[in-house]
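The file work_35.cif comes next; it holds mmCIF, C-alpha atoms.
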```
data_data
loop_
_atom_site.label_atom_id
_atom_site.label_comp_id
_atom_site.auth_asym_id
_atom_site.auth_seq_id
_atom_site.Cartn_x
_atom_site.Cartn_y
_atom_site.Cartn_z
CA MET V 1 -23.94 -18.74 53.73
CA THR V 2 -26.22 -17.30 51.03
CA LYS V 3 -24.13 -14.14 51.01
CA LYS V 4 -21.03 -16.18 50.14
CA ARG V 5 -22.95 -17.97 47.40
CA ILE V 6 -24.07 -14.70 45.86
CA ILE V 7 -20.49 -13.39 45.83
CA ILE V 8 -19.15 -16.55 44.21
CA GLY V 9 -22.01 -16.56 41.72
CA GLY V 10 -21.31 -12.93 40.92
CA ILE V 11 -17.63 -13.61 40.30
CA VAL V 12 -18.46 -16.53 38.00
CA VAL V 13 -20.87 -14.37 36.00
CA VAL V 14 -18.28 -11.59 35.64
CA ILE V 15 -15.63 -14.06 34.47
CA LEU V 16 -18.05 -15.59 31.98
CA ILE V 17 -19.07 -12.24 30.54
CA THR V 18 -15.43 -11.18 30.25
CA ALA V 19 -14.53 -14.44 28.51
CA ILE V 20 -17.41 -14.16 26.05
CA TYR V 21 -16.53 -10.54 25.33
CA ALA V 22 -12.83 -11.38 24.84
CA TRP V 23 -13.66 -14.26 22.53
CA TYR V 24 -16.00 -12.07 20.51
CA GLU V 25 -13.41 -9.27 20.28
CA TYR V 26 -10.65 -11.70 19.32
CA ASN V 27 -12.66 -13.11 16.43
CA ARG V 28 -14.18 -9.85 15.26
CA THR V 29 -13.61 -9.41 11.53
CA VAL V 30 -13.02 -6.15 9.73
CA GLN V 31 -16.30 -4.33 9.23
CA ASP V 32 -18.13 -4.36 5.93
CA LEU V 33 -18.59 -0.71 5.00
CA SER V 34 -21.86 -1.09 3.08
CA ASP V 35 -23.96 -0.18 6.09
CA VAL V 36 -21.57 2.32 7.65
CA ARG V 37 -22.25 6.04 7.35
CA ALA V 38 -19.42 8.02 5.78
CA ASP V 39 -17.76 10.70 7.91
CA TYR V 40 -17.08 12.92 4.91
CA SER V 41 -18.51 13.17 1.41
CA VAL V 42 -16.04 14.68 -1.06
CA ASN V 43 -15.24 15.08 -4.71
CA ALA V 44 -12.23 13.09 -5.96
CA THR V 45 -10.37 16.06 -7.46
CA ALA V 46 -11.12 18.27 -4.45
CA LEU V 47 -9.78 15.58 -2.14
CA ILE V 48 -6.54 15.27 -4.10
CA ASN V 49 -6.11 19.06 -4.11
CA GLU V 50 -6.64 19.20 -0.39
CA PHE V 51 -3.82 16.69 0.18
CA VAL V 52 -1.53 18.31 -2.38
CA SER V 53 -1.92 21.77 -0.86
CA ASN V 54 -1.52 20.70 2.76
CA GLU V 55 -0.80 17.07 3.49
CA ASP V 56 -0.57 17.47 7.27
CA SER V 57 -3.91 19.15 7.79
CA ALA V 58 -5.62 16.79 5.34
CA ASN V 59 -4.14 13.83 7.20
CA LYS V 60 -5.44 15.20 10.49
CA LYS V 61 -8.88 15.70 9.02
CA TYR V 62 -9.31 12.46 7.12
CA LEU V 63 -7.11 9.66 8.48
CA ASN V 64 -8.97 6.81 10.18
CA ARG V 65 -12.25 8.06 8.71
CA ILE V 66 -14.72 6.59 6.29
CA LEU V 67 -14.99 8.62 3.10
CA SER V 68 -17.58 8.78 0.40
CA VAL V 69 -15.79 9.94 -2.75
CA LYS V 70 -17.52 10.98 -5.94
CA GLY V 71 -15.57 11.07 -9.16
CA MET V 72 -15.05 9.91 -12.69
CA ILE V 73 -13.54 6.48 -13.22
CA LYS V 74 -10.07 6.89 -14.76
CA SER V 75 -9.30 3.23 -14.89
CA VAL V 76 -10.40 -0.13 -13.59
CA GLU V 77 -7.67 -2.57 -12.60
CA ALA V 78 -8.30 -6.25 -12.15
CA GLY V 79 -6.30 -8.40 -9.76
CA GLN V 80 -7.07 -9.38 -6.20
CA GLY V 81 -10.32 -7.66 -5.36
CA GLY V 82 -9.79 -5.03 -8.03
CA THR V 83 -9.01 -1.35 -7.85
CA ILE V 84 -10.79 1.58 -9.38
CA VAL V 85 -9.07 4.91 -9.87
CA LEU V 86 -11.07 8.13 -9.67
CA GLY V 87 -9.96 11.52 -10.89
CA ASP V 88 -9.06 13.69 -13.82
CA THR V 89 -7.72 11.77 -16.84
CA SER V 90 -5.34 14.61 -17.72
CA ASP V 91 -3.61 14.25 -14.34
CA MET V 92 -1.44 11.36 -13.17
CA SER V 93 -2.79 11.78 -9.64
CA GLY V 94 -5.93 9.99 -8.54
CA VAL V 95 -7.96 8.48 -5.76
CA ARG V 96 -7.16 4.78 -5.76
CA CYS V 97 -9.96 2.67 -4.31
CA VAL V 98 -9.15 -0.94 -3.51
CA LEU V 99 -12.46 -2.75 -3.54
CA ASP V 100 -13.60 -4.94 -0.69
CA SER V 101 -13.07 -8.49 -1.92
CA SER V 102 -16.77 -9.18 -1.34
CA ALA V 103 -17.59 -6.36 -3.79
CA ASN V 104 -15.43 -7.98 -6.45
CA THR V 105 -18.34 -8.85 -8.69
CA THR V 106 -19.20 -5.23 -9.30
CA ALA V 107 -15.67 -4.26 -10.39
CA GLY V 108 -16.05 -5.81 -13.81
CA SER V 109 -19.28 -3.99 -14.57
CA LEU V 110 -17.71 -0.56 -14.05
CA GLN V 111 -16.89 1.51 -17.09
CA ARG V 112 -14.21 4.09 -17.64
CA GLY V 113 -15.64 7.60 -17.75
CA ALA V 114 -18.63 6.77 -15.58
CA VAL V 115 -19.21 8.90 -12.50
CA VAL V 116 -19.55 6.86 -9.32
CA THR V 117 -19.56 7.31 -5.58
CA VAL V 118 -17.26 5.02 -3.67
CA LYS V 119 -17.28 4.52 0.06
CA GLY V 120 -14.08 3.36 1.70
CA ALA V 121 -11.57 3.64 4.52
CA ILE V 122 -8.85 6.15 3.73
CA THR V 123 -5.35 4.77 4.21
CA GLY V 124 -3.40 7.91 3.36
CA PHE V 125 -1.69 9.98 0.74
CA ASN V 126 1.19 8.61 -1.27
CA LYS V 127 3.10 11.67 -2.36
CA ASP V 128 5.06 11.18 -5.54
CA GLU V 129 8.71 12.06 -5.14
CA THR V 130 9.84 10.94 -8.56
CA GLY V 131 7.72 13.50 -10.41
CA LEU V 132 6.67 10.79 -12.85
CA LEU V 133 3.80 8.93 -11.28
CA GLY V 134 1.49 11.48 -9.70
CA SER V 135 0.43 11.50 -6.07
CA ASP V 136 -2.46 9.36 -4.89
CA VAL V 137 -5.01 9.28 -2.14
CA GLN V 138 -5.58 5.65 -1.24
CA LEU V 139 -8.72 3.98 0.07
CA ASN V 140 -9.39 0.35 0.85
CA ARG V 141 -12.36 -1.87 1.78
CA CYS V 142 -14.28 0.11 -0.84
CA VAL V 143 -17.87 -0.45 -1.86
CA ILE V 144 -19.78 1.27 -4.66
CA SER V 145 -22.58 3.21 -3.05
CA ASN V 146 -24.64 4.06 -6.13
CA MET L 1 21.33 30.95 -38.37
CA ASN L 2 23.01 32.20 -35.28
CA LEU L 3 25.38 29.61 -33.87
CA ARG L 4 24.06 30.10 -30.40
CA ILE L 5 20.50 29.38 -31.44
CA LYS L 6 21.70 26.37 -33.37
CA LYS L 7 23.50 25.09 -30.32
CA GLY L 8 20.42 25.73 -28.26
CA ILE L 9 18.21 23.78 -30.65
CA ILE L 10 20.65 20.90 -30.75
CA SER L 11 20.93 20.69 -26.99
CA PHE L 12 17.15 21.01 -26.67
CA CYS L 13 16.66 18.12 -29.09
CA PHE L 14 19.28 16.15 -27.22
CA ILE L 15 17.52 16.69 -23.90
CA LEU L 16 14.20 15.75 -25.47
CA PHE L 17 15.74 12.62 -26.95
CA ALA L 18 17.46 11.73 -23.70
CA THR L 19 14.34 12.17 -21.58
CA SER L 20 12.24 10.14 -23.97
CA LEU L 21 14.84 7.41 -23.75
CA MET L 22 14.88 7.65 -20.00
CA ALA L 23 11.12 7.41 -19.76
CA GLN L 24 11.16 4.20 -21.72
CA ASP L 25 13.68 2.76 -19.34
CA LYS L 26 11.41 3.09 -16.37
CA TYR L 27 8.81 0.63 -15.23
CA PHE L 28 6.19 1.17 -12.56
CA THR L 29 3.11 -0.07 -10.78
CA LYS L 30 0.71 1.40 -8.27
CA SER L 31 -1.11 -1.83 -7.53
CA GLY L 32 1.65 -4.13 -6.39
CA SER L 33 1.07 -6.46 -3.49
CA ILE L 34 3.03 -7.09 -0.34
CA GLN L 35 2.16 -9.76 2.16
CA PHE L 36 3.66 -10.32 5.53
CA VAL L 37 3.49 -13.26 7.89
CA SER L 38 4.81 -13.56 11.40
CA LYS L 39 4.43 -17.01 12.91
CA GLY L 40 4.49 -17.15 16.67
CA ALA L 41 3.93 -20.03 19.06
CA ILE L 42 0.22 -19.26 19.39
CA GLU L 43 -0.54 -16.39 17.10
CA THR L 44 0.10 -16.09 13.37
CA ILE L 45 -0.10 -12.56 12.13
CA GLN L 46 -0.81 -12.12 8.47
CA ALA L 47 -1.75 -9.16 6.30
CA ASN L 48 -1.94 -8.14 2.70
CA HIS L 49 -1.43 -4.83 0.91
CA ARG L 50 -2.74 -4.27 -2.61
CA SER L 51 -1.67 -0.69 -3.37
CA VAL L 52 2.09 -0.87 -3.39
CA THR L 53 3.86 1.69 -5.56
CA CYS L 54 7.07 0.58 -7.23
CA VAL L 55 9.38 2.26 -9.75
CA LEU L 56 12.28 0.51 -11.41
CA ASP L 57 14.85 2.16 -13.65
CA SER L 58 16.17 -0.55 -15.94
CA LYS L 59 19.10 1.59 -17.00
CA THR L 60 20.56 2.24 -13.57
CA GLY L 61 18.96 -0.63 -11.65
CA ALA L 62 17.52 1.79 -9.12
CA VAL L 63 14.35 0.48 -7.49
CA GLN L 64 11.91 2.15 -5.12
CA PHE L 65 8.90 0.97 -3.18
CA ALA L 66 6.36 3.00 -1.20
CA VAL L 67 3.67 1.55 1.06
CA LEU L 68 1.03 3.26 3.18
CA MET L 69 1.00 1.37 6.47
CA LYS L 70 -2.73 1.80 7.04
CA GLY L 71 -3.37 -0.08 3.81
CA PHE L 72 -2.46 -3.47 5.26
CA GLU L 73 -5.58 -5.62 5.40
CA PHE L 74 -6.05 -8.19 8.14
CA LYS L 75 -8.80 -10.72 8.58
CA LYS L 76 -9.18 -9.95 12.25
CA ALA L 77 -10.16 -6.38 13.06
CA LEU L 78 -8.45 -6.39 16.45
CA MET L 79 -5.15 -7.39 14.86
CA GLN L 80 -5.45 -4.58 12.34
CA GLU L 81 -6.16 -2.07 15.11
CA HIS L 82 -3.27 -3.27 17.25
CA PHE L 83 -0.94 -3.27 14.25
CA ASN L 84 -1.75 0.36 13.46
CA GLU L 85 -2.02 1.71 16.98
CA ASN L 86 0.53 -0.20 19.05
CA TYR L 87 3.07 -1.70 16.68
CA VAL L 88 3.78 0.42 13.60
CA GLU L 89 2.05 3.56 14.94
CA SER L 90 0.70 4.43 11.51
CA ASP L 91 -0.64 7.83 12.59
CA LYS L 92 2.90 8.92 13.38
CA TYR L 93 4.67 6.96 10.65
CA PRO L 94 2.18 6.60 7.79
CA LYS L 95 4.58 5.38 5.13
CA ALA L 96 7.22 2.71 4.63
CA GLU L 97 9.79 3.12 1.90
CA PHE L 98 12.49 1.10 0.27
CA ARG L 99 15.17 2.65 -1.92
CA GLY L 100 17.67 0.33 -3.42
CA GLN L 101 19.71 -0.91 -6.27
CA ILE L 102 19.78 -4.07 -8.34
CA VAL L 103 23.43 -4.98 -7.88
CA ASN L 104 23.60 -7.27 -10.91
CA ASN L 105 21.50 -5.03 -13.16
CA SER L 106 23.70 -5.66 -16.22
CA GLU L 107 22.74 -9.35 -16.13
CA ILE L 108 19.06 -8.57 -16.67
CA ALA L 109 17.93 -8.21 -20.28
CA TYR L 110 14.83 -6.09 -19.85
CA THR L 111 13.88 -6.32 -23.50
CA LYS L 112 14.18 -10.08 -23.75
CA ASP L 113 11.58 -12.45 -22.33
CA GLY L 114 12.98 -14.61 -19.58
CA VAL L 115 13.43 -15.13 -15.88
CA TYR L 116 16.27 -13.34 -14.16
CA THR L 117 17.61 -13.32 -10.63
CA ALA L 118 18.05 -9.88 -9.13
CA HIS L 119 20.22 -9.15 -6.12
CA VAL L 120 18.81 -6.08 -4.43
CA LYS L 121 20.53 -3.96 -1.82
CA GLY L 122 19.04 -0.90 -0.23
CA LYS L 123 17.53 0.88 2.70
CA LEU L 124 14.14 0.19 4.22
CA THR L 125 12.54 2.96 6.22
CA MET L 126 9.69 2.06 8.53
CA HIS L 127 8.46 3.22 11.92
CA GLY L 128 11.00 6.06 11.77
CA GLN L 129 13.96 3.69 11.46
CA THR L 130 16.15 3.09 8.42
CA LYS L 131 17.99 -0.20 8.03
CA ASP L 132 20.04 -1.85 5.31
CA VAL L 133 18.20 -4.69 3.62
CA GLU L 134 19.54 -7.22 1.17
CA ALA L 135 17.29 -9.58 -0.73
CA ASP L 136 17.20 -11.80 -3.76
CA GLY L 137 14.35 -11.42 -6.15
CA LYS L 138 13.12 -12.77 -9.42
CA ILE L 139 12.29 -10.61 -12.42
CA THR L 140 10.23 -12.21 -15.14
CA VAL L 141 10.21 -10.29 -18.40
CA LYS L 142 7.21 -11.06 -20.54
CA ASN L 143 5.64 -9.05 -23.36
CA GLY L 144 7.32 -5.82 -22.26
CA LYS L 145 6.12 -6.15 -18.67
CA LEU L 146 8.13 -7.10 -15.62
CA VAL L 147 6.91 -9.34 -12.86
CA ALA L 148 9.00 -8.80 -9.75
CA ASN L 149 8.91 -11.29 -6.88
CA SER L 150 10.88 -11.39 -3.70
CA ASP L 151 10.84 -13.02 -0.28
CA PHE L 152 12.86 -11.76 2.60
CA THR L 153 12.68 -11.45 6.36
CA ILE L 154 13.11 -8.54 8.70
CA LEU L 155 13.23 -8.29 12.48
CA MET L 156 10.66 -6.14 14.25
CA SER L 157 13.29 -5.13 16.80
CA ASP L 158 15.39 -3.58 14.00
CA TYR L 159 12.62 -1.06 13.46
CA ASN L 160 12.01 -0.30 17.11
CA ILE L 161 8.74 -2.20 17.07
CA SER L 162 8.42 -3.72 20.48
CA ILE L 163 6.21 -6.63 21.41
CA PRO L 164 4.38 -6.14 24.71
CA LYS L 165 5.78 -8.39 27.47
CA LEU L 166 2.43 -10.05 28.00
CA VAL L 167 2.40 -11.60 24.52
CA LYS L 168 6.17 -11.86 23.96
CA GLU L 169 6.15 -15.64 24.29
CA ASN L 170 3.37 -16.05 21.75
CA MET L 171 4.65 -13.82 19.01
CA SER L 172 7.63 -13.89 16.74
CA ASN L 173 10.13 -11.10 16.21
CA THR L 174 10.72 -12.32 12.66
CA VAL L 175 8.50 -11.13 9.84
CA SER L 176 8.51 -12.78 6.40
CA ILE L 177 7.70 -10.43 3.59
CA THR L 178 6.54 -11.45 0.13
CA VAL L 179 6.58 -8.90 -2.69
CA ASN L 180 4.69 -9.39 -5.92
CA CYS L 181 4.53 -6.55 -8.45
CA THR L 182 3.69 -6.41 -12.15
CA LEU L 183 5.50 -3.41 -13.60
CA GLU L 184 4.50 -1.70 -16.80
CA PRO L 185 6.64 0.61 -18.95
CA LEU L 186 6.25 4.21 -17.90
CA LYS L 187 5.06 6.35 -20.79
CA SER L 188 5.57 10.04 -20.51
#
```
Show how you would write the structure in this file as structure tokens.
Amino acid sequence: MTKKRIIIGGIVVVILITAIYAWYEYNRTVQDLSDVRADYSVNATALINEFVSNEDSANKKYLNRILSVKGMIKSVEAGQGGTIVLGDTSDMSGVRCVLDSSANTTAGSLQRGAVVTVKGAITGFNKDETGLLGSDVQLNRCVISN
Amino acid sequence: MNLRIKKGIISFCFILFATSLMAQDKYFTKSGSIQFVSKGAIETIQANHRSVTCVLDSKTGAVQFAVLMKGFEFKKALMQEHFNENYVESDKYPKAEFRGQIVNNSEIAYTKDGVYTAHVKGKLTMHGQTKDVEADGKITVKNGKLVANSDFTILMSDYNISIPKLVKENMSNTVSITVNCTLEPLKS
């Protein structure tokens, strides 16, 4: 009799744990990157060059990683959450960092020409096929780490 | 002066003039936004992209969009992971592209403030599939900038995106897409 009880109890516990885990997983929000260690630390211009010279190998190396990118601010764009663009002002290409909406308050305080380090999730390389716009490395969920 | 050199100078000036004209005809943005919503019986899937690239040639009416699939932001992490890994397979197909044409381009006065309706026809490439897409949009010309808005729907099945059987009842095959871009004149 007790054996049966233990088995039933065990099954109930397993179901409960599974349910709690599923519920937690289902409601899990996208991680805030402030406390996450970057997989790679790179310079903005070096990162662009790496993608320009070999997109495939750069994709393999960087995609789905968290990057810490250091560079000069080319421009600051307002709008939802805000975007800062790092890179060389003489070049149309840049590293476009879409800020995490929770980091919105810091976007306004950033100045063009300042050197900053931005941590974010890389979303890929948008190669320019028109020859007019420059190719960009894009990051999102970005936070300023210095 | 040698006639040939003269001709050369004239054609050079002409090219210079023509390209400077062309450059002024183009509008672009790199921070456009695209939102998509798919309402199913139980689950509503919603995401936002804030780094949409768009180029519009006001002279020819040619319009192009480029979107990195991994840049879609979801509230729920699990949804974002499933979207990238199981649905659009963003490692394999990192980019979505639209190349099209404003059919009624002559009706839009790009230099005059106002609101214009644009009929757009073109090809959308996503998840390795290319399909014809037709949509109506609105172009608002104001102070030399263009605000482009459009709503249209696509079917996931058109792009070979299959919904797992287990959740087929809960999810919709129809995806509503909202485009919102502010285009600035392209200076060269």
Reference answer for the PyMOL selection byres ((chain V) within 10 of (chain L)), as number ranges by chain | V: 25-31, 59-60, 63-64, 77-83, 96-99, 121-128, 130, 132-133, 136, 138-141
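With all atoms listed in the file as the atoms that count, the residue of L:Leu166, L:Met126, L:Ile45, L:Val37 with the shortest distance to Val88 in chain L is L:Met126.
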Answer key for the PyMOL selection byres ((chain L and resi 172) around 8), residues as a ChimeraX atom specification = /L:38-41,168-171,173-175
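Of the residues listed (L:Asn143, L:Asn86, L:Gln101, L:Thr111), L:Gln101 shows the shortest atom-to-atom separation from Leu124 in chain L; distances use all atoms listed in the file.
Residues in contact range of Ala114 in chain V, defined as at most 6 Å between only C-alpha atoms, with sequence neighbours fewer than 2 positions away removed, read Met72, Ile73, Gln111 and Arg112 of chain V.
Straight-line separation from CA of Ala62 in chain L to CA of Phe98 in chain L: 10.7 Å.
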So which residues get picked by the PyMOL selection byres ((chain L and resi 184) around 8) here, written as a list in words?
->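 Checked against the file, the PyMOL selection byres ((chain L and resi 184) around 8) matches Tyr27, Phe28, Thr29, Gly144, Lys145, Leu146, Thr182, Leu183, Pro185 and Leu186 of chain L.
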Excluding Lys119 in chain V and residues on its chain fewer than 3 positions from it, collect all residues at most 12 Å away from it, counting only C-alpha atoms, and give them as a VMD selection string.
-> chain V and resid 32 to 44 65 to 71 84 95 to 100 103 116 122 138 to 146
Residues as selected, C-alpha atoms, written as an mmCIF file, in the frame of the given file, can you do that?
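What follows is the written file out-v9.cif:
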```cif
data_model
loop_
_atom_site.group_PDB
_atom_site.id
_atom_site.type_symbol
_atom_site.label_atom_id
_atom_site.label_comp_id
_atom_site.auth_asym_id
_atom_site.auth_seq_id
_atom_site.Cartn_x
_atom_site.Cartn_y
_atom_site.Cartn_z
ATOM 1 C CA ASP V 32 -18.130 -4.360 5.930
ATOM 2 C CA LEU V 33 -18.590 -0.710 5.000
ATOM 3 C CA SER V 34 -21.860 -1.090 3.080
ATOM 4 C CA ASP V 35 -23.960 -0.180 6.090
ATOM 5 C CA VAL V 36 -21.570 2.320 7.650
ATOM 6 C CA ARG V 37 -22.250 6.040 7.350
ATOM 7 C CA ALA V 38 -19.420 8.020 5.780
ATOM 8 C CA ASP V 39 -17.760 10.700 7.910
ATOM 9 C CA TYR V 40 -17.080 12.920 4.910
ATOM 10 C CA SER V 41 -18.510 13.170 1.410
ATOM 11 C CA VAL V 42 -16.040 14.680 -1.060
ATOM 12 C CA ASN V 43 -15.240 15.080 -4.710
ATOM 13 C CA ALA V 44 -12.230 13.090 -5.960
ATOM 14 C CA ARG V 65 -12.250 8.060 8.710
ATOM 15 C CA ILE V 66 -14.720 6.590 6.290
ATOM 16 C CA LEU V 67 -14.990 8.620 3.100
ATOM 17 C CA SER V 68 -17.580 8.780 0.400
ATOM 18 C CA VAL V 69 -15.790 9.940 -2.750
ATOM 19 C CA LYS V 70 -17.520 10.980 -5.940
ATOM 20 C CA GLY V 71 -15.570 11.070 -9.160
ATOM 21 C CA ILE V 84 -10.790 1.580 -9.380
ATOM 22 C CA VAL V 95 -7.960 8.480 -5.760
ATOM 23 C CA ARG V 96 -7.160 4.780 -5.760
ATOM 24 C CA CYS V 97 -9.960 2.670 -4.310
ATOM 25 C CA VAL V 98 -9.150 -0.940 -3.510
ATOM 26 C CA LEU V 99 -12.460 -2.750 -3.540
ATOM 27 C CA ASP V 100 -13.600 -4.940 -0.690
ATOM 28 C CA ALA V 103 -17.590 -6.360 -3.790
ATOM 29 C CA VAL V 116 -19.550 6.860 -9.320
ATOM 30 C CA ILE V 122 -8.850 6.150 3.730
ATOM 31 C CA GLN V 138 -5.580 5.650 -1.240
ATOM 32 C CA LEU V 139 -8.720 3.980 0.070
ATOM 33 C CA ASN V 140 -9.390 0.350 0.850
ATOM 34 C CA ARG V 141 -12.360 -1.870 1.780
ATOM 35 C CA CYS V 142 -14.280 0.110 -0.840
ATOM 36 C CA VAL V 143 -17.870 -0.450 -1.860
ATOM 37 C CA ILE V 144 -19.780 1.270 -4.660
ATOM 38 C CA SER V 145 -22.580 3.210 -3.050
ATOM 39 C CA ASN V 146 -24.640 4.060 -6.130
#
```
Separation of CA of Lys131 in chain L and CA of Ser135 in chain V, in Å?
-> 25.4 Å
Mind filling out range 123-137 of chain L with N, CA and C atoms and sending it as a tab-separated table (two decimals), in the coordinates of the input?
```tsv
chain	number	residue	atom	x	y	z
L	123	LYS	N	17.90	0.45	1.36
L	123	LYS	CA	17.53	0.88	2.70
L	123	LYS	C	16.02	0.87	2.85
L	124	LEU	N	15.57	0.24	3.91
L	124	LEU	CA	14.14	0.19	4.22
L	124	LEU	C	13.85	1.12	5.39
L	125	THR	N	12.93	2.04	5.16
L	125	THR	CA	12.54	2.96	6.22
L	125	THR	C	11.13	2.65	6.67
L	126	MET	N	10.98	2.42	7.97
L	126	MET	CA	9.69	2.06	8.53
L	126	MET	C	9.69	2.42	10.00
L	127	HIS	N	8.58	2.91	10.50
L	127	HIS	CA	8.46	3.22	11.92
L	127	HIS	C	9.58	4.16	12.36
L	128	GLY	N	9.98	5.07	11.45
L	128	GLY	CA	11.00	6.06	11.77
L	128	GLY	C	12.43	5.55	11.79
L	129	GLN	N	12.62	4.28	11.45
L	129	GLN	CA	13.96	3.69	11.46
L	129	GLN	C	14.37	3.30	10.05
L	130	THR	N	15.64	3.49	9.73
L	130	THR	CA	16.15	3.09	8.42
L	130	THR	C	17.22	2.02	8.61
L	131	LYS	N	17.04	0.90	7.90
L	131	LYS	CA	17.99	-0.20	8.03
L	131	LYS	C	18.37	-0.72	6.65
L	132	ASP	N	19.60	-1.23	6.56
L	132	ASP	CA	20.04	-1.85	5.31
L	132	ASP	C	19.34	-3.19	5.14
L	133	VAL	N	18.87	-3.42	3.92
L	133	VAL	CA	18.20	-4.69	3.62
L	133	VAL	C	18.81	-5.24	2.34
L	134	GLU	N	19.01	-6.55	2.35
L	134	GLU	CA	19.54	-7.22	1.17
L	134	GLU	C	18.61	-8.37	0.86
L	135	ALA	N	18.20	-8.49	-0.38
L	135	ALA	CA	17.29	-9.58	-0.73
L	135	ALA	C	17.49	-10.03	-2.16
L	136	ASP	N	17.19	-11.29	-2.39
L	136	ASP	CA	17.20	-11.80	-3.76
L	136	ASP	C	15.79	-11.78	-4.29
L	137	GLY	N	15.67	-11.43	-5.54
L	137	GLY	CA	14.35	-11.42	-6.15
L	137	GLY	C	14.40	-12.05	-7.52
```
